[in-house]
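*Asks:* Mind looking over this structure? Questions follow.
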Amino acid sequence: MAQVAKIGRDSASGKTTELIKTAEAPGRLQTLLFTIVRYLAYLDVVLAVVLVITALIRGTSWTFLLPFLVILFIATIPVSMPSSFTVANSLEAQNLAKKDILVSGLVGIQEAASMNALLVDKTGTLTRNQSKVIAVKSFNSKFSLNQIMVAALTLTDDTNNSVIDQALKNYGHQNNIESVERKSFRPFSPVTKYSSGEVQFNGQPIKLMLGSPEALTNLTGDTTEAKQIAAMAQSGRLICVASTNQILGAIILADTPRPDSKKAVLAVQKLGVKVIMVTGDDIKTAKSVAGQVGIGPRIGTLADIQNEPDLMLFDGFANIFPADKLKIVKKLQQQGQVVGMTGDGINDAPALKQADVGIAVNSASDVVKLAARVVLTKPGLTDIVPIIDSGHRVYRRMMTWIITKLARTAELAALLTFGFIFTGFFPVSLSLIVFIVVMNDMVTLVLGTDRAWRTQIPERWNLPQLAKIAGIFTIGWLVIGFGLLWFYLQIQKLSSSQISSAMFLYLIYSAMATIWMTRVRDHFWSFAPSKAVGWMTFADIAVATTMVLAGLITAKISISIVLEVLIVTIVGMIILDQIKMVYYHHNGILGTEIQN
């Protein structure tokens, strides 16, 4: 018989489900990309104002500028951004699926590159989740070891298949120990941390309790065996049997770490990620397991979570309720950390949803898998490393996109604007600008398939740094571009249509060169691109060259002019690549990458 007290949103499960709907960390990459688009739009507005003022001063109708202004804004808007982003993440999701790692939220892959804190469960993730009784101790001469076990078995919940209850039942079965009849019974509660009941012992009714040493010590006020209990807790998980005023005995259960846990923890730590263990067990048990798997000895409590300003100082947290995990995740994020978390129970779902990289372990419930962004199908933490590696590759591909987008857009906008101011006509015709946008986007789409470098430290999206790198290429290409414009206008006396063809070719060549230079932190020839990126860049170069040589959609120019543009671009590429290397060395960006 049961009485329903609350249903729907008012129930515990309902509140958990509501938290899943509202708790979520926004993707840093999307936020950065939209910030970039906003700043590029600001640049276009400024340049558009300059163009309009120039036209008015010269007496040119502003309607003449309208098509170019529209194309300028179209060139700025990253139409291919969602597709490139999806391709980059989907490719890694496909690779992870081959390793039996399922990705339900693509944002989780890219966030893994920046993850520097990983919250992991102890039971079932670091340990085997197969507890067994290894020792029984009596603190009262009136209670034998056998009677301590009888009391423990009597206070287990027959309807519950918890790891502890199952371990006690297995021990009783192996040693022919059975429970006795109980007059009353209150099952274990995660709030009180003990179960209780009234039983008949030695002909006398007695109230007994079974639970954590801390809870029973506080309840009974009995501290006479505190030192012995503390020593026993070093050997494994400890539960105690107590009467209303005395600790009667203790039972040690061992849940040994998984054989691969220490190796997996070390592998994650080598990637610059701090592994923090979170468990509902007491501090002594937590310290024991944390030491065995190489996490560290500093274990905090709920009070530390509330009072300590820097949670990264801790190696783990004990006596933690599932609801407290959400508090830990949020506080770490407030401190600027990128947080990953593993979980399996329904109460872990809100924290997994809030985490930047929520990872459901193989034993997780359906609700948890729904809340997580990554689902492991194998036990343990070994598969965390491939997720982080995938994140690094996505980071590298999208960083190439960002730098080239900034550089190419600023180069095109500035060349058109100041070229018009100095010459009185646009250096590139309207139709060719459309081709430049389309051809650049074609390469952008395949950047998600590029071979990528990965680092051994968490990545950070640093917009000022990315803008500086893009600025190097923008200024360099603009200097060369204006030099070519002056040369063809003043020295070779080409017509405006021929200049448009030459500058179109230069913009395509320089854009492809920028992609090759920005995709690695070493010299551009040190690491070959994927076949798709390689073929697409060469295809753009071939199409642009064919168009100007054959006079397709644009004015025809001689092969000597094409060779001049090509040689100038190659020389500029080598110089800018060297400047890039100097900048990277000066800022300590090199020396942390691994080819993969």
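We name chains A, B, ... following the order of the structure tokens; residues begin at 1 in each chain, and ligands are numbered from 1 as shown.
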Tell me, which residues of segment 310-492 of chain A carry DSSP strand (DSSP E or B), written as number ranges by chain?
*Replies:* A: 316-317, 339-343, 357-360, 374-376, 453-455
*Asks:* Using only C-alpha atoms, please write the residues we just selected to a file, as a PDB file, in the first residue's frame.
*Replies:*
ATOM      1  CA  GLY A 316      37.411  15.116  -4.783  1.00  0.00           C
ATOM      2  CA  PHE A 317      34.300  15.616  -2.697  1.00  0.00           C
ATOM      3  CA  VAL A 339      33.591  21.278 -16.832  1.00  0.00           C
ATOM      4  CA  GLY A 340      33.075  17.689 -17.901  1.00  0.00           C
ATOM      5  CA  MET A 341      31.110  15.204 -15.820  1.00  0.00           C
ATOM      6  CA  THR A 342      30.272  11.516 -15.843  1.00  0.00           C
ATOM      7  CA  GLY A 343      27.027  10.175 -14.384  1.00  0.00           C
ATOM      8  CA  VAL A 357      30.759  18.010 -21.561  1.00  0.00           C
ATOM      9  CA  GLY A 358      28.120  15.763 -19.981  1.00  0.00           C
ATOM     10  CA  ILE A 359      29.117  12.108 -20.300  1.00  0.00           C
ATOM     11  CA  ALA A 360      26.715   9.262 -19.536  1.00  0.00           C
ATOM     12  CA  VAL A 374      28.245  11.929 -24.999  1.00  0.00           C
ATOM     13  CA  VAL A 375      27.318   8.340 -24.108  1.00  0.00           C
ATOM     14  CA  LEU A 376      29.943   5.710 -23.294  1.00  0.00           C
ATOM     15  CA  TRP A 453      46.938  18.969 -34.980  1.00  0.00           C
ATOM     16  CA  ARG A 454      46.002  18.310 -31.375  1.00  0.00           C
ATOM     17  CA  THR A 455      47.589  19.721 -28.250  1.00  0.00           C
TER      18      THR A 455
END
*Asks:* Could you give me, as JSON, numbers by chain, the residues within 7 Å of segment 469-473 of chain A, counting only C-alpha atoms and dropping anything in the same chain fewer than 4 positions from it?
*Replies:* {"A": [403, 404, 406, 407, 465, 477, 576]}
*Asks:* Take the residues that were just selected and, keeping N, CA, C and O atoms, output them as a short mmCIF file (atom, residue, chain, number, x, y, z; two decimals), in the first residue's frame.
*Replies:*
data_model
loop_
_atom_site.label_atom_id
_atom_site.label_comp_id
_atom_site.auth_asym_id
_atom_site.auth_seq_id
_atom_site.Cartn_x
_atom_site.Cartn_y
_atom_site.Cartn_z
N ILE A 403 40.23 32.41 -38.31
CA ILE A 403 41.33 33.29 -38.74
C ILE A 403 41.19 33.66 -40.21
O ILE A 403 41.33 34.82 -40.59
N THR A 404 40.91 32.66 -41.04
CA THR A 404 40.79 32.94 -42.47
C THR A 404 39.57 33.81 -42.77
O THR A 404 39.60 34.66 -43.65
N LEU A 406 38.22 36.09 -40.75
CA LEU A 406 38.57 37.45 -40.37
C LEU A 406 39.49 38.10 -41.40
O LEU A 406 39.27 39.24 -41.84
N ALA A 407 40.53 37.36 -41.79
CA ALA A 407 41.53 37.91 -42.71
C ALA A 407 40.94 38.16 -44.10
O ALA A 407 41.13 39.24 -44.68
N GLN A 465 43.66 37.37 -29.48
CA GLN A 465 44.81 36.71 -30.09
C GLN A 465 44.51 36.29 -31.52
O GLN A 465 45.34 36.45 -32.43
N TRP A 477 48.60 41.02 -46.78
CA TRP A 477 47.99 40.85 -48.10
C TRP A 477 47.52 42.19 -48.67
O TRP A 477 47.56 42.40 -49.90
N LEU A 576 54.88 36.02 -45.00
CA LEU A 576 53.85 36.04 -43.95
C LEU A 576 53.91 34.80 -43.07
O LEU A 576 53.64 34.87 -41.86
#
*Asks:* Determine, counting only C-alpha atoms, which protein, DNA and RNA residues have an atom within 9 Å of an atom of segment 150-159 of chain A; residues of the same chain fewer than 3 positions away are not included. Present the result as a PDB file with all heavy atoms, in the first residue's frame.
*Replies:*
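Dumped to selection-v4.pdb:
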ATOM      1  N   LEU A 145      30.547 -11.587  16.408  1.00  0.00           N
ATOM      2  CA  LEU A 145      30.672 -11.204  14.999  1.00  0.00           C
ATOM      3  C   LEU A 145      29.480 -11.705  14.209  1.00  0.00           C
ATOM      4  O   LEU A 145      28.966 -11.020  13.311  1.00  0.00           O
ATOM      5  CB  LEU A 145      31.978 -11.764  14.409  1.00  0.00           C
ATOM      6  CG  LEU A 145      33.285 -11.281  15.046  1.00  0.00           C
ATOM      7  CD1 LEU A 145      34.480 -11.908  14.329  1.00  0.00           C
ATOM      8  CD2 LEU A 145      33.376  -9.763  15.008  1.00  0.00           C
ATOM      9  N   ASN A 146      29.042 -12.920  14.577  1.00  0.00           N
ATOM     10  CA  ASN A 146      27.906 -13.507  13.883  1.00  0.00           C
ATOM     11  C   ASN A 146      26.638 -12.670  14.111  1.00  0.00           C
ATOM     12  O   ASN A 146      25.849 -12.435  13.196  1.00  0.00           O
ATOM     13  CB  ASN A 146      27.680 -14.928  14.365  1.00  0.00           C
ATOM     14  CG  ASN A 146      26.689 -15.677  13.495  1.00  0.00           C
ATOM     15  OD1 ASN A 146      26.995 -16.056  12.375  1.00  0.00           O
ATOM     16  ND2 ASN A 146      25.486 -15.882  14.027  1.00  0.00           N
ATOM     17  N   GLN A 147      26.458 -12.190  15.369  1.00  0.00           N
ATOM     18  CA  GLN A 147      25.271 -11.396  15.684  1.00  0.00           C
ATOM     19  C   GLN A 147      25.320 -10.012  15.010  1.00  0.00           C
ATOM     20  O   GLN A 147      24.283  -9.466  14.639  1.00  0.00           O
ATOM     21  CB  GLN A 147      25.133 -11.238  17.196  1.00  0.00           C
ATOM     22  CG  GLN A 147      24.710 -12.531  17.897  1.00  0.00           C
ATOM     23  CD  GLN A 147      24.687 -12.369  19.399  1.00  0.00           C
ATOM     24  OE1 GLN A 147      25.620 -11.819  19.996  1.00  0.00           O
ATOM     25  NE2 GLN A 147      23.620 -12.858  20.022  1.00  0.00           N
ATOM     26  N   SER A 162      20.604  -2.627  -3.801  1.00  0.00           N
ATOM     27  CA  SER A 162      21.790  -1.783  -3.748  1.00  0.00           C
ATOM     28  C   SER A 162      23.042  -2.635  -3.610  1.00  0.00           C
ATOM     29  O   SER A 162      22.990  -3.804  -3.213  1.00  0.00           O
ATOM     30  CB  SER A 162      21.705  -0.806  -2.571  1.00  0.00           C
ATOM     31  OG  SER A 162      21.900  -1.501  -1.348  1.00  0.00           O
ATOM     32  N   ILE A 164      25.488  -2.406  -1.492  1.00  0.00           N
ATOM     33  CA  ILE A 164      25.781  -2.781  -0.104  1.00  0.00           C
ATOM     34  C   ILE A 164      24.865  -3.899   0.368  1.00  0.00           C
ATOM     35  O   ILE A 164      25.305  -4.890   0.959  1.00  0.00           O
ATOM     36  CB  ILE A 164      25.651  -1.547   0.817  1.00  0.00           C
ATOM     37  CG1 ILE A 164      26.755  -0.536   0.491  1.00  0.00           C
ATOM     38  CG2 ILE A 164      25.722  -1.954   2.281  1.00  0.00           C
ATOM     39  CD1 ILE A 164      26.692   0.718   1.311  1.00  0.00           C
ATOM     40  N   ASP A 165      23.563  -3.750   0.113  1.00  0.00           N
ATOM     41  CA  ASP A 165      22.614  -4.792   0.521  1.00  0.00           C
ATOM     42  C   ASP A 165      22.960  -6.122  -0.124  1.00  0.00           C
ATOM     43  O   ASP A 165      22.910  -7.180   0.518  1.00  0.00           O
ATOM     44  CB  ASP A 165      21.193  -4.389   0.139  1.00  0.00           C
ATOM     45  CG  ASP A 165      20.654  -3.294   1.035  1.00  0.00           C
ATOM     46  OD1 ASP A 165      21.257  -3.044   2.087  1.00  0.00           O
ATOM     47  OD2 ASP A 165      19.633  -2.673   0.679  1.00  0.00           O
ATOM     48  N   GLN A 166      23.338  -6.079  -1.397  1.00  0.00           N
ATOM     49  CA  GLN A 166      23.667  -7.313  -2.101  1.00  0.00           C
ATOM     50  C   GLN A 166      24.931  -7.946  -1.541  1.00  0.00           C
ATOM     51  O   GLN A 166      25.026  -9.168  -1.416  1.00  0.00           O
ATOM     52  CB  GLN A 166      23.847  -7.028  -3.604  1.00  0.00           C
ATOM     53  CG  GLN A 166      23.840  -8.266  -4.483  1.00  0.00           C
ATOM     54  CD  GLN A 166      22.553  -9.054  -4.383  1.00  0.00           C
ATOM     55  OE1 GLN A 166      21.471  -8.485  -4.469  1.00  0.00           O
ATOM     56  NE2 GLN A 166      22.663 -10.360  -4.163  1.00  0.00           N
ATOM     57  N   LEU A 168      26.022  -7.692   1.572  1.00  0.00           N
ATOM     58  CA  LEU A 168      25.678  -8.286   2.867  1.00  0.00           C
ATOM     59  C   LEU A 168      24.941  -9.612   2.682  1.00  0.00           C
ATOM     60  O   LEU A 168      25.220 -10.604   3.375  1.00  0.00           O
ATOM     61  CB  LEU A 168      24.819  -7.312   3.673  1.00  0.00           C
ATOM     62  CG  LEU A 168      25.505  -6.010   4.120  1.00  0.00           C
ATOM     63  CD1 LEU A 168      24.496  -5.080   4.788  1.00  0.00           C
ATOM     64  CD2 LEU A 168      26.662  -6.317   5.082  1.00  0.00           C
ATOM     65  N   LYS A 169      24.006  -9.644   1.731  1.00  0.00           N
ATOM     66  CA  LYS A 169      23.245 -10.872   1.482  1.00  0.00           C
ATOM     67  C   LYS A 169      24.159 -11.988   0.968  1.00  0.00           C
ATOM     68  O   LYS A 169      24.024 -13.154   1.370  1.00  0.00           O
ATOM     69  CB  LYS A 169      22.133 -10.599   0.475  1.00  0.00           C
ATOM     70  CG  LYS A 169      21.029  -9.691   1.012  1.00  0.00           C
ATOM     71  CD  LYS A 169      20.035  -9.338  -0.086  1.00  0.00           C
ATOM     72  CE  LYS A 169      18.977  -8.344   0.415  1.00  0.00           C
ATOM     73  NZ  LYS A 169      18.045  -7.947  -0.672  1.00  0.00           N
ATOM     74  N   GLY A 172      26.106 -13.321   3.894  1.00  0.00           N
ATOM     75  CA  GLY A 172      25.258 -14.145   4.747  1.00  0.00           C
ATOM     76  C   GLY A 172      24.998 -15.503   4.128  1.00  0.00           C
ATOM     77  O   GLY A 172      25.014 -16.537   4.827  1.00  0.00           O
ATOM     78  N   ILE A 177      24.397 -17.365   7.410  1.00  0.00           N
ATOM     79  CA  ILE A 177      23.881 -16.411   8.390  1.00  0.00           C
ATOM     80  C   ILE A 177      22.576 -15.856   7.849  1.00  0.00           C
ATOM     81  O   ILE A 177      22.515 -15.400   6.710  1.00  0.00           O
ATOM     82  CB  ILE A 177      24.886 -15.268   8.641  1.00  0.00           C
ATOM     83  CG1 ILE A 177      26.229 -15.829   9.120  1.00  0.00           C
ATOM     84  CG2 ILE A 177      24.330 -14.259   9.645  1.00  0.00           C
ATOM     85  CD1 ILE A 177      27.307 -14.784   9.267  1.00  0.00           C
ATOM     86  N   GLU A 178      21.540 -15.871   8.665  1.00  0.00           N
ATOM     87  CA  GLU A 178      20.236 -15.414   8.223  1.00  0.00           C
ATOM     88  C   GLU A 178      19.726 -14.284   9.112  1.00  0.00           C
ATOM     89  O   GLU A 178      20.129 -14.167  10.273  1.00  0.00           O
ATOM     90  CB  GLU A 178      19.226 -16.564   8.233  1.00  0.00           C
ATOM     91  CG  GLU A 178      19.570 -17.695   7.275  1.00  0.00           C
ATOM     92  CD  GLU A 178      18.522 -18.794   7.293  1.00  0.00           C
ATOM     93  OE1 GLU A 178      17.583 -18.684   8.111  1.00  0.00           O
ATOM     94  OE2 GLU A 178      18.648 -19.741   6.493  1.00  0.00           O
ATOM     95  N   SER A 179      18.853 -13.502   8.563  1.00  0.00           N
ATOM     96  CA  SER A 179      18.260 -12.415   9.328  1.00  0.00           C
ATOM     97  C   SER A 179      17.205 -12.952  10.277  1.00  0.00           C
ATOM     98  O   SER A 179      16.772 -14.103  10.162  1.00  0.00           O
ATOM     99  CB  SER A 179      17.621 -11.390   8.373  1.00  0.00           C
ATOM    100  OG  SER A 179      16.589 -12.021   7.623  1.00  0.00           O
ATOM    101  N   VAL A 180      16.796 -12.119  11.239  1.00  0.00           N
ATOM    102  CA  VAL A 180      15.741 -12.503  12.174  1.00  0.00           C
ATOM    103  C   VAL A 180      14.531 -11.616  11.917  1.00  0.00           C
ATOM    104  O   VAL A 180      14.601 -10.628  11.177  1.00  0.00           O
ATOM    105  CB  VAL A 180      16.218 -12.349  13.641  1.00  0.00           C
ATOM    106  CG1 VAL A 180      17.363 -13.292  13.931  1.00  0.00           C
ATOM    107  CG2 VAL A 180      16.617 -10.892  13.926  1.00  0.00           C
ATOM    108  N   GLU A 181      13.432 -11.967  12.539  1.00  0.00           N
ATOM    109  CA  GLU A 181      12.203 -11.204  12.333  1.00  0.00           C
ATOM    110  C   GLU A 181      12.333  -9.819  12.958  1.00  0.00           C
ATOM    111  O   GLU A 181      12.871  -9.649  14.055  1.00  0.00           O
ATOM    112  CB  GLU A 181      11.027 -11.944  12.963  1.00  0.00           C
ATOM    113  CG  GLU A 181       9.685 -11.255  12.731  1.00  0.00           C
ATOM    114  CD  GLU A 181       8.530 -12.000  13.373  1.00  0.00           C
ATOM    115  OE1 GLU A 181       8.781 -13.100  13.925  1.00  0.00           O
ATOM    116  OE2 GLU A 181       7.410 -11.491  13.338  1.00  0.00           O
ATOM    117  N   ARG A 182      11.845  -8.825  12.290  1.00  0.00           N
ATOM    118  CA  ARG A 182      11.897  -7.471  12.814  1.00  0.00           C
ATOM    119  C   ARG A 182      10.477  -6.989  13.127  1.00  0.00           C
ATOM    120  O   ARG A 182       9.528  -7.259  12.389  1.00  0.00           O
ATOM    121  CB  ARG A 182      12.576  -6.540  11.826  1.00  0.00           C
ATOM    122  CG  ARG A 182      12.001  -6.559  10.425  1.00  0.00           C
ATOM    123  CD  ARG A 182      12.968  -5.958   9.410  1.00  0.00           C
ATOM    124  NE  ARG A 182      12.402  -5.921   8.067  1.00  0.00           N
ATOM    125  CZ  ARG A 182      13.087  -5.834   6.948  1.00  0.00           C
ATOM    126  NH1 ARG A 182      14.397  -5.774   7.023  1.00  0.00           N
ATOM    127  NH2 ARG A 182      12.487  -5.794   5.774  1.00  0.00           N
ATOM    128  N   PHE A 185      10.448  -1.522  10.789  1.00  0.00           N
ATOM    129  CA  PHE A 185      11.591  -1.302   9.891  1.00  0.00           C
ATOM    130  C   PHE A 185      11.416   0.016   9.130  1.00  0.00           C
ATOM    131  O   PHE A 185      10.338   0.323   8.639  1.00  0.00           O
ATOM    132  CB  PHE A 185      11.708  -2.456   8.889  1.00  0.00           C
ATOM    133  CG  PHE A 185      12.814  -2.275   7.883  1.00  0.00           C
ATOM    134  CD1 PHE A 185      14.148  -2.286   8.270  1.00  0.00           C
ATOM    135  CD2 PHE A 185      12.521  -2.083   6.536  1.00  0.00           C
ATOM    136  CE1 PHE A 185      15.175  -2.114   7.353  1.00  0.00           C
ATOM    137  CE2 PHE A 185      13.533  -1.915   5.607  1.00  0.00           C
ATOM    138  CZ  PHE A 185      14.868  -1.934   6.016  1.00  0.00           C
ATOM    139  N   ARG A 186      12.492   0.788   9.079  1.00  0.00           N
ATOM    140  CA  ARG A 186      12.542   1.999   8.259  1.00  0.00           C
ATOM    141  C   ARG A 186      13.744   1.865   7.323  1.00  0.00           C
ATOM    142  O   ARG A 186      14.883   1.797   7.791  1.00  0.00           O
ATOM    143  CB  ARG A 186      12.685   3.247   9.136  1.00  0.00           C
ATOM    144  CG  ARG A 186      12.668   4.553   8.330  1.00  0.00           C
ATOM    145  CD  ARG A 186      12.828   5.749   9.257  1.00  0.00           C
ATOM    146  NE  ARG A 186      11.675   5.900  10.108  1.00  0.00           N
ATOM    147  CZ  ARG A 186      10.579   6.578   9.779  1.00  0.00           C
ATOM    148  NH1 ARG A 186      10.496   7.150   8.588  1.00  0.00           N
ATOM    149  NH2 ARG A 186       9.564   6.671  10.610  1.00  0.00           N
ATOM    150  N   PRO A 187      13.500   1.771   6.027  1.00  0.00           N
ATOM    151  CA  PRO A 187      14.605   1.527   5.081  1.00  0.00           C
ATOM    152  C   PRO A 187      15.606   2.677   5.031  1.00  0.00           C
ATOM    153  O   PRO A 187      15.346   3.784   5.518  1.00  0.00           O
ATOM    154  CB  PRO A 187      13.892   1.353   3.737  1.00  0.00           C
ATOM    155  CG  PRO A 187      12.593   2.052   3.901  1.00  0.00           C
ATOM    156  CD  PRO A 187      12.207   1.898   5.336  1.00  0.00           C
ATOM    157  N   PHE A 188      16.724   2.395   4.416  1.00  0.00           N
ATOM    158  CA  PHE A 188      17.816   3.382   4.292  1.00  0.00           C
ATOM    159  C   PHE A 188      17.335   4.616   3.542  1.00  0.00           C
ATOM    160  O   PHE A 188      16.612   4.526   2.555  1.00  0.00           O
ATOM    161  CB  PHE A 188      18.998   2.760   3.554  1.00  0.00           C
ATOM    162  CG  PHE A 188      20.132   3.722   3.310  1.00  0.00           C
ATOM    163  CD1 PHE A 188      21.091   3.930   4.283  1.00  0.00           C
ATOM    164  CD2 PHE A 188      20.229   4.416   2.109  1.00  0.00           C
ATOM    165  CE1 PHE A 188      22.135   4.823   4.063  1.00  0.00           C
ATOM    166  CE2 PHE A 188      21.260   5.310   1.882  1.00  0.00           C
ATOM    167  CZ  PHE A 188      22.224   5.506   2.865  1.00  0.00           C
ATOM    168  N   SER A 195      19.514   2.897   7.975  1.00  0.00           N
ATOM    169  CA  SER A 195      18.220   2.219   8.103  1.00  0.00           C
ATOM    170  C   SER A 195      18.055   1.830   9.568  1.00  0.00           C
ATOM    171  O   SER A 195      19.042   1.755  10.312  1.00  0.00           O
ATOM    172  CB  SER A 195      18.169   0.982   7.197  1.00  0.00           C
ATOM    173  OG  SER A 195      19.177   0.053   7.562  1.00  0.00           O
ATOM    174  N   SER A 196      16.823   1.563   9.984  1.00  0.00           N
ATOM    175  CA  SER A 196      16.595   1.240  11.398  1.00  0.00           C
ATOM    176  C   SER A 196      15.438   0.259  11.528  1.00  0.00           C
ATOM    177  O   SER A 196      14.609   0.129  10.628  1.00  0.00           O
ATOM    178  CB  SER A 196      16.315   2.514  12.204  1.00  0.00           C
ATOM    179  OG  SER A 196      15.139   3.148  11.729  1.00  0.00           O
ATOM    180  N   GLY A 197      15.406  -0.414  12.670  1.00  0.00           N
ATOM    181  CA  GLY A 197      14.330  -1.359  12.928  1.00  0.00           C
ATOM    182  C   GLY A 197      14.394  -1.886  14.351  1.00  0.00           C
ATOM    183  O   GLY A 197      15.432  -1.819  15.011  1.00  0.00           O
ATOM    184  N   VAL A 199      14.152  -5.200  16.695  1.00  0.00           N
ATOM    185  CA  VAL A 199      14.298  -6.660  16.587  1.00  0.00           C
ATOM    186  C   VAL A 199      14.374  -7.265  17.981  1.00  0.00           C
ATOM    187  O   VAL A 199      14.553  -6.565  18.988  1.00  0.00           O
ATOM    188  CB  VAL A 199      15.562  -7.034  15.786  1.00  0.00           C
ATOM    189  CG1 VAL A 199      15.493  -6.494  14.364  1.00  0.00           C
ATOM    190  CG2 VAL A 199      16.808  -6.515  16.489  1.00  0.00           C
ATOM    191  N   LEU A 208      17.824  -1.140  16.511  1.00  0.00           N
ATOM    192  CA  LEU A 208      19.146  -1.150  15.886  1.00  0.00           C
ATOM    193  C   LEU A 208      19.138  -0.277  14.635  1.00  0.00           C
ATOM    194  O   LEU A 208      18.095  -0.057  14.010  1.00  0.00           O
ATOM    195  CB  LEU A 208      19.551  -2.575  15.521  1.00  0.00           C
ATOM    196  CG  LEU A 208      19.718  -3.554  16.680  1.00  0.00           C
ATOM    197  CD1 LEU A 208      20.020  -4.950  16.155  1.00  0.00           C
ATOM    198  CD2 LEU A 208      20.830  -3.089  17.624  1.00  0.00           C
ATOM    199  N   MET A 209      20.329   0.173  14.271  1.00  0.00           N
ATOM    200  CA  MET A 209      20.494   0.999  13.080  1.00  0.00           C
ATOM    201  C   MET A 209      21.699   0.525  12.291  1.00  0.00           C
ATOM    202  O   MET A 209      22.681   0.039  12.871  1.00  0.00           O
ATOM    203  CB  MET A 209      20.668   2.469  13.473  1.00  0.00           C
ATOM    204  CG  MET A 209      19.419   3.085  14.112  1.00  0.00           C
ATOM    205  SD  MET A 209      19.731   4.684  14.881  1.00  0.00           S
ATOM    206  CE  MET A 209      20.602   4.171  16.372  1.00  0.00           C
ATOM    207  N   LEU A 210      21.620   0.664  10.994  1.00  0.00           N
ATOM    208  CA  LEU A 210      22.705   0.267  10.085  1.00  0.00           C
ATOM    209  C   LEU A 210      22.955   1.416   9.111  1.00  0.00           C
ATOM    210  O   LEU A 210      22.042   1.843   8.391  1.00  0.00           O
ATOM    211  CB  LEU A 210      22.315  -0.991   9.301  1.00  0.00           C
ATOM    212  CG  LEU A 210      23.294  -1.458   8.217  1.00  0.00           C
ATOM    213  CD1 LEU A 210      24.575  -2.002   8.843  1.00  0.00           C
ATOM    214  CD2 LEU A 210      22.655  -2.522   7.327  1.00  0.00           C
ATOM    215  N   CYS A 240      28.342   0.720   9.866  1.00  0.00           N
ATOM    216  CA  CYS A 240      28.305   0.358  11.286  1.00  0.00           C
ATOM    217  C   CYS A 240      26.908  -0.103  11.699  1.00  0.00           C
ATOM    218  O   CYS A 240      25.902   0.287  11.099  1.00  0.00           O
ATOM    219  CB  CYS A 240      28.719   1.550  12.152  1.00  0.00           C
ATOM    220  SG  CYS A 240      30.472   1.943  12.057  1.00  0.00           S
ATOM    221  N   VAL A 241      26.877  -0.927  12.755  1.00  0.00           N
ATOM    222  CA  VAL A 241      25.636  -1.345  13.409  1.00  0.00           C
ATOM    223  C   VAL A 241      25.611  -0.662  14.772  1.00  0.00           C
ATOM    224  O   VAL A 241      26.608  -0.681  15.506  1.00  0.00           O
ATOM    225  CB  VAL A 241      25.581  -2.877  13.574  1.00  0.00           C
ATOM    226  CG1 VAL A 241      24.332  -3.280  14.367  1.00  0.00           C
ATOM    227  CG2 VAL A 241      25.600  -3.564  12.213  1.00  0.00           C
ATOM    228  N   ILE A 251      31.394  -3.182   9.720  1.00  0.00           N
ATOM    229  CA  ILE A 251      31.607  -4.117   8.623  1.00  0.00           C
ATOM    230  C   ILE A 251      32.368  -3.381   7.520  1.00  0.00           C
ATOM    231  O   ILE A 251      31.971  -2.278   7.114  1.00  0.00           O
ATOM    232  CB  ILE A 251      30.274  -4.652   8.066  1.00  0.00           C
ATOM    233  CG1 ILE A 251      29.472  -5.335   9.182  1.00  0.00           C
ATOM    234  CG2 ILE A 251      30.504  -5.604   6.895  1.00  0.00           C
ATOM    235  CD1 ILE A 251      28.040  -5.648   8.784  1.00  0.00           C
TER     236      ILE A 251
END
*Asks:* Hey, which of A:Val582, A:Ala113, A:Val394, A:Met512 ends up closest to Arg451 of chain A? Count only C-alpha atoms.
*Replies:*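 So, comparing all the options, the nearest one is A:Val394.
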*Asks:* Looking at A:Thr125, A:Thr546, A:Thr35, A:Ser429, which one is nearest to Ser363 of chain A, with distances taken over only C-alpha atoms?
*Replies:*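 That would be A:Thr125, the residue with the smallest distance to Ser363 of chain A.
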*Asks:* Quick check for you: according to DSSP on this backbone, which residues of segment 208-427 of chain A are classed as alpha helix (DSSP H)? Reply as a PyMOL selection string.
*Replies:* chain A and resi 213-220+226-233+261-270+283-293+302-307+322-334+349-354+366-371+384-423
*Asks:* Could you check the closest approach to Ala88 of chain A for each of A:Val437, A:Ala112, A:Leu106, A:Ala230 and tell me which residue wins, using only C-alpha atoms?
*Replies:*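 Residue with the minimum atom-to-atom distance to Ala88 of chain A: A:Leu106.
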*Asks:* Compile the contact shell of segment 270-273 of chain A as a VMD selection string: residues with an atom at most 7 Å away, counting only C-alpha atoms, same-chain residues fewer than 4 positions apart removed.
*Replies:* chain A and resid 115 to 118 266 456 to 458
*Asks:* Which is closest to Asp383 of chain A among A:Leu494, A:Val543, A:Val479, A:Leu102, if we use only C-alpha atoms?
*Replies:*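 Distance minimum relative to Asp383 of chain A lands on A:Leu102.
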